[in-house]
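Asker: What follows is run07.cif; its format and atoms are mmCIF, C-alpha atoms.
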```cif
data_coords
#
loop_
_atom_site.label_atom_id
_atom_site.label_comp_id
_atom_site.auth_asym_id
_atom_site.auth_seq_id
_atom_site.Cartn_x
_atom_site.Cartn_y
_atom_site.Cartn_z
CA MET A 1 -30.48 -3.66 -31.27
CA THR A 2 -28.97 -0.31 -32.22
CA ALA A 3 -25.25 0.30 -32.56
CA THR A 4 -25.35 2.72 -29.62
CA ARG A 5 -26.95 0.14 -27.36
CA VAL A 6 -24.39 -2.48 -28.41
CA ARG A 7 -21.58 -0.04 -27.67
CA LEU A 8 -23.04 0.82 -24.26
CA VAL A 9 -23.47 -2.85 -23.33
CA ARG A 10 -19.89 -3.55 -24.34
CA LEU A 11 -18.65 -0.61 -22.31
CA ARG A 12 -20.60 -1.83 -19.29
CA THR A 13 -19.19 -5.34 -19.67
CA ALA A 14 -15.63 -4.05 -20.01
CA LEU A 15 -16.02 -1.74 -17.02
CA LEU A 16 -17.39 -4.55 -14.83
CA ALA A 17 -14.66 -6.95 -15.96
CA LEU A 18 -11.95 -4.40 -15.13
CA THR A 19 -13.63 -3.64 -11.81
CA LEU A 20 -13.45 -7.34 -10.95
CA ALA A 21 -9.78 -7.41 -11.99
CA VAL A 22 -9.05 -4.41 -9.76
CA LEU A 23 -10.80 -6.13 -6.84
CA VAL A 24 -8.86 -9.38 -7.24
CA VAL A 25 -5.44 -7.81 -7.86
CA SER A 26 -5.73 -5.16 -5.16
CA LEU A 27 -6.99 -7.55 -2.50
CA TRP A 28 -4.33 -10.13 -3.36
CA ALA A 29 -1.54 -7.54 -3.18
CA PHE A 30 -2.84 -6.04 0.06
CA GLN A 31 -3.40 -9.37 1.81
CA ASN A 32 0.02 -10.63 0.73
CA VAL A 33 1.83 -7.63 2.15
CA GLN A 34 -0.41 -7.40 5.21
CA ASN A 35 0.01 -11.06 6.18
CA THR A 36 3.77 -10.80 5.72
CA ALA A 37 3.94 -7.58 7.75
CA GLU A 38 2.01 -9.15 10.62
CA THR A 39 4.22 -12.25 10.55
CA VAL A 40 7.38 -10.12 10.54
CA ARG A 41 6.05 -7.96 13.38
CA ASP A 42 4.79 -10.80 15.57
CA ARG A 43 7.28 -13.57 14.84
CA THR A 44 10.23 -13.18 12.44
CA ALA A 45 11.74 -9.97 13.82
CA GLN A 46 11.25 -11.27 17.36
CA ALA A 47 12.98 -14.54 16.48
CA VAL A 48 16.07 -12.74 15.14
CA LEU A 49 16.26 -10.41 18.15
CA GLU A 50 15.84 -13.23 20.65
CA VAL A 51 18.65 -15.26 19.06
CA THR A 52 21.03 -12.31 19.40
CA ALA A 53 19.83 -11.82 22.98
CA ALA A 54 20.52 -15.48 23.76
CA ARG A 55 24.05 -15.19 22.35
CA ALA A 56 24.76 -12.09 24.41
CA ALA A 57 23.37 -13.65 27.60
CA LEU A 58 25.37 -16.89 27.22
CA VAL A 59 28.63 -15.01 26.63
CA ALA A 60 27.90 -12.79 29.64
CA ALA A 61 27.08 -15.85 31.77
CA ASP A 62 30.32 -17.57 30.75
CA ALA A 63 32.41 -14.47 31.45
CA ALA A 64 30.71 -14.01 34.83
CA ALA A 65 31.36 -17.64 35.84
CA ILE A 66 35.02 -17.42 34.80
CA ALA A 67 35.45 -14.16 36.72
CA SER A 68 33.92 -15.73 39.82
CA PHE A 69 36.23 -18.76 39.68
CA ALA A 70 39.29 -16.65 38.84
CA SER A 71 38.74 -14.26 41.74
CA GLY A 72 38.06 -17.02 44.27
CA GLU A 73 34.53 -15.79 44.93
CA ALA A 74 33.23 -19.13 43.70
CA LYS A 75 34.30 -20.74 46.96
CA LEU A 76 31.66 -18.64 48.69
CA ALA A 77 29.03 -17.89 46.05
CA GLY A 78 29.65 -20.41 43.29
CA PRO A 79 29.52 -19.08 39.70
CA GLY A 80 27.78 -15.99 41.02
CA GLN A 81 24.42 -14.29 40.73
CA GLU A 82 25.32 -12.64 37.42
CA TYR A 83 25.98 -16.06 35.89
CA THR A 84 22.63 -17.34 37.17
CA ASN A 85 20.77 -14.29 35.90
CA GLN A 86 22.34 -14.34 32.45
CA LEU A 87 21.80 -18.09 32.05
CA ALA A 88 18.14 -17.61 32.94
CA LEU A 89 17.87 -14.80 30.37
CA ALA A 90 19.45 -17.05 27.73
CA SER A 91 16.96 -19.84 28.52
CA GLN A 92 14.04 -17.39 28.26
CA SER A 93 15.30 -16.10 24.91
CA LEU A 94 15.69 -19.64 23.55
CA ALA A 95 12.15 -20.45 24.65
CA ARG A 96 10.89 -17.39 22.78
CA VAL A 97 12.92 -18.33 19.70
CA ALA A 98 11.19 -21.73 19.75
CA GLU A 99 7.84 -19.92 19.92
CA PHE A 100 8.63 -17.47 17.10
CA ASN A 101 10.78 -19.77 14.95
CA GLN A 102 10.36 -19.11 11.21
CA ALA A 103 13.20 -21.34 10.02
CA GLY A 104 11.03 -24.44 9.85
CA GLU A 105 12.26 -27.89 10.81
CA ALA A 106 15.93 -26.90 10.44
CA GLY A 107 15.43 -24.14 13.00
CA GLY A 108 13.62 -26.49 15.37
CA ASN A 109 16.38 -29.10 15.12
CA ALA A 110 19.06 -26.46 15.75
CA LEU A 111 17.19 -25.29 18.84
CA GLN A 112 17.09 -28.82 20.23
CA VAL A 113 20.85 -29.14 19.76
CA ILE A 114 21.47 -25.74 21.36
CA GLU A 115 19.26 -26.46 24.36
CA SER A 116 20.99 -29.80 25.00
CA GLN A 117 24.40 -28.11 24.74
CA VAL A 118 23.34 -25.34 27.13
CA ALA A 119 22.17 -27.99 29.61
CA ALA A 120 25.56 -29.74 29.31
CA TYR A 121 27.33 -26.41 29.76
CA SER A 122 25.35 -25.65 32.92
CA GLY A 123 26.18 -29.13 34.24
CA SER A 124 29.91 -28.60 33.65
CA ILE A 125 29.81 -25.26 35.44
CA GLY A 126 28.07 -26.98 38.34
CA GLN A 127 30.81 -29.65 38.48
CA ALA A 128 33.47 -26.94 38.36
CA ASP A 129 31.79 -25.26 41.32
CA VAL A 130 31.83 -28.49 43.32
CA HIS A 131 35.51 -29.12 42.60
CA PHE A 132 36.68 -25.55 43.25
CA ARG A 133 35.09 -25.71 46.69
CA GLN A 134 37.27 -28.73 47.56
CA PRO A 135 40.81 -27.77 48.61
CA ASP A 136 42.51 -30.61 46.71
CA ALA A 137 40.30 -30.65 43.59
CA ALA A 138 40.86 -27.19 42.11
CA VAL A 139 42.65 -28.70 39.09
CA LEU A 140 39.54 -30.75 38.32
CA GLY A 141 37.52 -27.56 38.69
CA ALA A 142 39.73 -25.85 36.11
CA VAL A 143 39.27 -28.81 33.76
CA ASP A 144 35.50 -28.63 34.19
CA LEU A 145 35.54 -24.89 33.54
CA TRP A 146 37.62 -25.39 30.39
CA HIS A 147 35.25 -28.10 29.19
CA ALA A 148 32.23 -25.89 29.88
CA SER A 149 33.71 -23.00 27.94
CA ARG A 150 34.54 -25.30 25.00
CA LEU A 151 30.88 -26.34 24.84
CA LEU A 152 30.17 -22.71 24.00
CA HIS A 153 33.16 -21.84 21.85
CA ALA A 154 34.31 -24.99 20.05
CA SER A 155 33.44 -25.65 16.43
CA GLY A 156 29.83 -26.81 16.42
CA GLY A 157 29.37 -25.35 19.91
CA VAL A 158 26.50 -23.27 21.22
CA LEU A 159 27.69 -19.90 19.92
CA GLU A 160 28.35 -21.22 16.43
CA GLU A 161 24.97 -22.95 16.38
CA LEU A 162 23.30 -19.73 17.51
CA GLU A 163 24.98 -17.78 14.72
CA GLY A 164 23.70 -20.35 12.25
CA LEU A 165 20.21 -20.16 13.74
CA GLN A 166 20.27 -16.37 13.54
CA GLY A 167 21.21 -16.64 9.87
CA ARG A 168 18.32 -19.04 9.24
CA GLN A 169 15.83 -16.68 10.86
CA ARG A 170 17.21 -13.78 8.81
CA ASP A 171 16.97 -15.87 5.62
CA ALA A 172 13.35 -16.62 6.50
CA LEU A 173 12.71 -12.87 6.64
CA ASN A 174 14.25 -12.44 3.18
CA ARG A 175 12.04 -15.20 1.78
CA GLN A 176 8.95 -13.66 3.32
CA LEU A 177 9.75 -10.27 1.81
CA SER A 178 10.42 -11.69 -1.65
CA ASP A 179 7.20 -13.73 -1.55
CA THR A 180 5.06 -10.58 -1.29
CA GLY A 181 5.64 -9.89 -4.99
CA MET A 182 5.43 -6.14 -4.28
CA SER A 183 8.23 -3.74 -5.18
CA LEU A 184 8.68 -0.30 -6.72
CA ALA A 185 9.63 -1.91 -10.03
CA MET A 186 6.49 -4.08 -9.98
CA LEU A 187 4.12 -1.27 -8.96
CA PRO A 188 3.12 -0.35 -12.56
CA LEU A 189 2.07 -3.96 -13.10
CA TRP A 190 -0.12 -3.92 -9.98
CA LEU A 191 -1.58 -0.55 -10.98
CA LEU A 192 -2.28 -1.63 -14.57
CA PRO A 193 -5.90 -2.79 -13.94
CA VAL A 194 -6.58 0.40 -11.94
CA LEU A 195 -5.16 2.65 -14.65
CA ALA A 196 -7.01 0.75 -17.37
CA LEU A 197 -10.29 1.07 -15.48
CA LEU A 198 -9.74 4.78 -14.84
CA ALA A 199 -9.02 5.35 -18.52
CA LEU A 200 -12.14 3.45 -19.57
CA LEU A 201 -14.27 5.34 -17.03
CA VAL A 202 -13.04 8.66 -18.41
CA PHE A 203 -13.61 7.48 -21.99
CA THR A 204 -17.13 6.30 -21.12
CA GLN A 205 -18.04 9.62 -19.54
CA LEU A 206 -16.72 11.54 -22.54
CA TYR A 207 -18.66 9.27 -24.86
CA LEU A 208 -21.88 9.72 -22.86
CA ARG A 209 -21.41 13.48 -22.79
CA LYS A 210 -20.95 13.62 -26.54
CA ARG A 211 -23.70 11.12 -27.39
CA PHE A 212 -26.40 12.21 -24.94
CA ARG A 213 -25.50 15.87 -24.43
CA ARG A 214 -25.28 15.42 -20.64
CA VAL A 215 -22.92 17.56 -18.57
CA ALA A 216 -21.83 14.75 -16.26
CA ASN A 217 -22.72 11.23 -15.15
CA VAL A 218 -22.59 11.47 -11.36
CA PRO A 219 -22.48 7.70 -10.64
CA LEU A 220 -19.56 7.23 -13.02
CA LEU A 221 -17.78 10.26 -11.55
CA VAL A 222 -18.08 8.78 -8.05
CA ALA A 223 -16.91 5.40 -9.37
CA THR A 224 -13.87 7.12 -10.87
CA VAL A 225 -13.01 8.70 -7.50
CA LEU A 226 -13.38 5.34 -5.74
CA ILE A 227 -11.11 3.56 -8.20
CA ALA A 228 -8.51 6.33 -7.84
CA ALA A 229 -8.69 5.75 -4.07
CA ILE A 230 -7.99 2.05 -4.68
CA GLY A 231 -4.90 3.09 -6.63
CA VAL A 232 -3.77 5.19 -3.68
CA ALA A 233 -4.38 2.18 -1.40
CA LEU A 234 -2.06 0.12 -3.62
CA VAL A 235 0.64 2.78 -3.37
CA LEU A 236 0.25 2.75 0.43
CA THR A 237 0.59 -1.02 0.34
CA LEU A 238 3.89 -0.59 -1.50
CA ILE A 239 5.02 1.86 1.21
CA SER A 240 4.20 -0.79 3.83
CA ARG A 241 6.29 -3.26 1.84
CA GLU A 242 9.21 -0.81 1.73
CA ARG A 243 8.98 -0.40 5.50
CA LEU A 244 9.52 -4.14 5.81
CA ASP A 245 12.86 -3.68 4.04
CA SER A 246 13.82 -1.14 6.68
CA VAL A 247 12.93 -3.74 9.34
CA GLY A 248 15.53 -6.08 7.85
CA GLU A 249 18.13 -3.31 7.71
CA ARG A 250 17.51 -2.31 11.31
CA LEU A 251 17.71 -5.95 12.41
CA ASP A 252 21.12 -6.18 10.77
CA GLY A 253 22.16 -3.02 12.63
CA VAL A 254 21.04 -4.45 15.98
CA ALA A 255 22.83 -7.72 15.25
CA ALA A 256 26.04 -5.86 14.32
CA ALA A 257 25.94 -3.74 17.48
CA ARG A 258 25.33 -6.73 19.71
CA SER A 259 27.96 -8.81 17.91
CA GLN A 260 30.60 -6.18 18.61
CA GLN A 261 29.59 -6.09 22.26
CA ILE A 262 29.47 -9.90 22.46
CA ARG A 263 32.91 -10.22 20.89
CA ALA A 264 34.48 -7.76 23.34
CA ALA A 265 32.89 -9.45 26.38
CA ASP A 266 33.79 -12.89 25.07
CA ASP A 267 37.43 -11.97 24.42
CA ALA A 268 37.73 -10.56 27.93
CA GLY A 269 36.24 -13.71 29.44
CA GLN A 270 38.46 -16.00 27.39
CA ARG A 271 41.59 -14.05 28.37
CA GLN A 272 40.64 -14.45 32.02
CA LEU A 273 40.10 -18.17 31.47
CA ALA A 274 43.53 -18.45 29.84
CA GLU A 275 45.11 -16.70 32.82
CA LEU A 276 43.26 -19.00 35.23
CA LEU A 277 44.39 -22.13 33.36
CA THR A 278 47.98 -20.89 33.33
CA GLY A 279 48.03 -21.18 37.13
CA TYR A 280 47.30 -24.92 36.86
CA CYS A 281 49.62 -25.78 33.97
CA ASP A 282 53.07 -27.28 34.30
CA GLU A 283 55.68 -24.59 33.66
CA GLU A 284 57.74 -26.85 31.35
CA GLN A 285 55.16 -29.18 29.77
CA GLY A 286 52.25 -26.75 29.70
CA CYS A 287 48.65 -28.02 29.57
CA GLY A 288 48.77 -29.86 26.29
CA VAL A 289 48.73 -28.65 22.71
CA THR A 290 45.05 -27.73 22.59
CA VAL A 291 44.99 -25.73 25.81
CA ASP A 292 48.37 -24.10 25.11
CA GLU A 293 47.20 -22.93 21.69
CA PHE A 294 44.04 -21.56 23.25
CA ARG A 295 46.02 -19.72 25.93
CA ALA A 296 48.37 -18.16 23.42
CA ARG A 297 45.52 -17.07 21.15
CA ALA A 298 43.33 -15.75 23.98
CA LEU A 299 46.13 -13.76 25.58
CA ARG A 300 47.00 -12.16 22.22
CA THR A 301 43.41 -11.17 21.44
CA THR A 302 42.43 -7.70 22.52
CA THR A 303 39.06 -6.33 21.47
CA LEU A 304 38.14 -2.83 22.56
CA ALA A 305 35.26 -3.06 25.01
CA THR A 306 32.30 -1.11 23.66
CA ASP A 307 29.00 -0.56 25.41
CA ASN A 308 26.51 -0.75 22.55
CA THR A 309 23.56 -1.42 24.84
CA ARG A 310 21.89 1.88 24.00
CA VAL A 311 22.46 1.39 20.28
CA ALA A 312 21.07 -2.15 20.38
CA THR A 313 18.11 -1.12 22.54
CA ALA A 314 17.28 1.84 20.29
CA GLY A 315 17.64 -0.40 17.24
CA ALA A 316 15.29 -3.01 18.71
CA LYS A 317 12.71 -0.29 19.40
CA ALA A 318 13.08 0.98 15.84
CA VAL A 319 12.56 -2.55 14.53
CA ALA A 320 9.33 -2.82 16.52
CA ALA A 321 8.18 0.61 15.34
CA ASP A 322 8.87 -0.10 11.66
CA ALA A 323 7.27 -3.53 11.84
CA SER A 324 4.17 -2.08 13.53
CA ALA A 325 3.96 0.72 10.96
CA ALA A 326 4.24 -1.79 8.11
CA ALA A 327 1.44 -3.89 9.61
CA GLU A 328 -0.86 -0.88 10.05
CA SER A 329 -3.57 -1.40 7.45
CA GLY A 330 -5.22 2.00 7.69
CA GLY A 331 -8.59 0.45 6.94
CA ARG A 332 -7.52 -0.78 3.50
CA GLU A 333 -8.95 -4.21 4.24
CA PHE A 334 -12.37 -2.53 4.12
CA LEU A 335 -11.69 0.18 1.55
CA ILE A 336 -10.52 -2.13 -1.22
CA PRO A 337 -13.46 -4.58 -1.33
CA ALA A 338 -16.11 -2.01 -0.39
CA GLY A 339 -14.75 0.60 -2.79
CA THR A 340 -14.50 -1.70 -5.80
CA LEU A 341 -17.90 -3.30 -5.21
CA LEU A 342 -19.51 0.10 -4.81
CA ALA A 343 -17.76 1.30 -7.97
CA GLY A 344 -19.17 -1.70 -9.84
CA GLY A 345 -22.65 -0.88 -8.59
CA LEU A 346 -22.24 2.75 -9.67
CA VAL A 347 -21.14 1.62 -13.14
CA LEU A 348 -24.37 -0.36 -13.47
CA LEU A 349 -26.39 2.57 -12.18
CA GLY A 350 -24.66 5.10 -14.41
CA LEU A 351 -25.19 3.13 -17.61
CA HIS A 352 -28.57 1.58 -16.90
CA ALA A 353 -30.67 4.60 -17.89
CA ARG A 354 -28.73 5.18 -21.11
CA ILE A 355 -28.94 1.52 -22.15
CA ASP A 356 -32.61 1.44 -21.22
CA GLU A 357 -33.32 4.33 -23.60
CA TYR A 358 -32.38 2.10 -26.54
CA ARG A 359 -34.18 -1.03 -25.37
CA TYR A 360 -37.06 -0.73 -27.83
CA ARG A 361 -35.42 1.20 -30.61
CA PRO A 362 -35.00 -0.64 -33.91
#
```
Could I get this structure in the form of structure tokens?

Answerer:
Amino acid sequence: MTATRVRLVRLRTALLALTLAVLVVSLWAFQNVQNTAETVRDRTAQAVLEVTAARAALVAADAAAIASFASGEAKLAGPGQEYTNQLALASQSLARVAEFNQAGEAGGNALQVIESQVAAYSGSIGQADVHFRQPDAAVLGAVDLWHASRLLHASGGVLEELEGLQGRQRDALNRQLSDTGMSLAMLPLWLLPVLALLALLVFTQLYLRKRFRRVANVPLLVATVLIAAIGVALVLTLISRERLDSVGERLDGVAAARSQQIRAADDAGQRQLAELLTGYCDEEQGCGVTVDEFRARALRTTTLATDNTRVATAGAKAVAADASAAAESGGREFLIPAGTLLAGGLVLLGLHARIDEYRYRP
């Protein structure tokens, strides 16, 4: 076997080995990012948004019930239609969180606790309604209303549990993003097989041109273009990964906007509850240390009411848009395997004739 034939066979082997490496690395990177993007779009982002929606709905329901009892409307309409609507919205959001949950067993356990607490809260509001309708049982109604509100606001209550659950869902998103292994800093590593293959393809074509006096090797030229396209596909995969980071940032923005709105609505509702309880407390002895401390704190708290509904709604739409854009494959699931396999075939075709020329030479 001549030295030229040996060199050509080695070049072919190296080109095929690098082509296989490009196929494996590119597919692995793409599938990793694609699967994560689809999970974030379909489940994780939805879970975070639904937890914040449940928090907002429960606070609105509590404030609506307190307002109904404080105004006396409860004697005619109970806690009110707004309370019923918001409680139904909260239940729907919690059901969707259970469907989309990405926080594993801890998230599932937290949901069970929250759902049982919400059921207890609804029961206490129902008892308050019964007592407020009775002329001589309004004090018991106030006690029931206080107990219901504590189920939401006390340490370990529904709102605190929901904040914890929201944090778990957000942490799950962070883990999913870090598990992709793709980042701008890591891009050169992912592109290394592609760049090595491109360099070897160029070297091979220069060698063939010098050795065989041929202007160009068309199959190898086409293979070079295909491998460059795979490199572009990897860069687009990185862009998809970066869009997932923007999903997390937008989720934080939505959560912040809703938290401000929730806090303002909650403070207003708690002040109204404190005023309602004051009407049933003894002027000299008060209502007990716990209730008196709550009344003093609630009446001092003033949070500027801010309607961030548009901001939160626009943010939620932006989350959906970014998540959908990140999950858009652009046909890369077909380009990467088809392109690399075709490039491998072109490498064989481009070198076969040259190697065959030296088959019988001494």

Asker: On this structure, the PyMOL selection byres ((chain A and resi 40-47) around 6) would catch which residues? List them as an NGL selection string, sorted by chain and number.

Answerer: :A and (37-39 or 48-50 or 97 or 100-101 or 323)

Asker: Counting only C-alpha atoms, select every polymer residue within 12 Å of (-13.1, 9.8, -22.3) as defined in the file's coordinates, and provide the selection as a ChimeraX atom specification.

Answerer: /A:11,196-211,216,220-221,224

Asker: So that I can check the surroundings of stretch 310-320 of chain A, please list as a list in words every protein, DNA and RNA residue that reaches within 9 Å of it, counting all atoms listed in the file and ignoring chain neighbours fewer than 2 positions away.

Answerer: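 Those residues are Arg41, Ala45, Gln46, Leu49, Ser246, Val247, Gly248, Glu249, Arg250, Leu251, Gly253, Val254, Ala255, Ala256, Ala257, Arg258, Asp307, Asn308, Asp322, Ala323, Ser324 and Ala325 of chain A.
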
Asker: Taking into account only C-alpha atoms, which residue in the set A:Pro337, A:Gly157, A:Gly104, A:Gly164 is nearest to A:Val51?

Answerer: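 Checking each candidate against A:Val51, we get A:Gly164 as the closest.
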
Asker: When you look at stretch 108-116 of chain A with a cut-off of 12 Å (counting all atoms listed in the file), what residues show up, excluding the ones that are within fewer than 4 positions of it in the same chain? I need them as a PyMOL selection string.

Answerer: chain A and resi 47+51+54-55+58+87+90-104+120-123+151-152+156-169

Asker: Let me know the centre plus edge lengths, in Å and rounded to one decimal, of a box with edges along x, y and z that contains all listed atoms of stretch 33-51 of chain A and is padded by 4 Å on every side, as AutoDock Vina command-line options.

Answerer:
```
--center_x 9.1 --center_y -11.3 --center_z 11.4 --size_x 27.1 --size_y 15.9 --size_z 26.5
```

Asker: Rounded to one decimal in Å, what is the spacing between atom CA of A:Thr36 and atom CA of A:Thr180?

Answerer: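 The value is 7.1 Å.
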
Asker: Counting only C-alpha atoms, figure out which residue out of A:Ile66, A:Val232, A:Ala185, A:Ala264 gets nearest to A:Asp144.

Answerer: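 Smallest distance to A:Asp144 is found for A:Ile66.
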
Asker: Record the distance separating atom CA of A:Glu333 and atom CA of A:Leu15, expressed in Å with one decimal.

Answerer: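 Separation between atom CA of A:Glu333 and atom CA of A:Leu15: 22.5 Å.
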
Asker: With distances taken over all atoms listed in the file, which residue among A:Asn85, A:Asn217, A:Thr19, A:Thr2 lies nearest A:Gly345?

Answerer: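 Smallest distance to A:Gly345 is found for A:Thr19.
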
Asker: List the residues matched by the PyMOL selection byres ((chain A and resi 84) around 12) in the displayed structure as a count of residues only, ordered by chain and then by residue number.

Answerer: 26

Asker: Report as number ranges by chain the residues that result from applying the PyMOL selection byres ((chain A and resi 330) around 12) to the structure here.

Answerer: A: 30, 34, 232-234, 236-237, 240, 324-329, 331-336

Asker: Using only C-alpha atoms for the distances, tell me which of A:Phe132, A:Asn35, A:Ala67, A:His352 is nearest to A:Ala268.

Answerer: A:Ala67

Asker: Could you state the separation of atom CA of A:Gly339 and atom CA of A:Leu20 in Å, given to one decimal place?

Answerer: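 Distance between the two atoms: 11.5 Å.
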
Asker: Using only C-alpha atoms, find the one residue out of A:Ala353, A:Ala321, A:Leu342, A:Ile239 that sits nearest to A:Ser183.

Answerer: A:Ile239

Asker: Counting all atoms listed in the file, which of A:Asp252, A:Arg10, A:Leu16, A:Val215 gets nearest to A:Leu341?

Answerer: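 Looking only at the distances to A:Leu341, the closest residue turns out to be A:Leu16.
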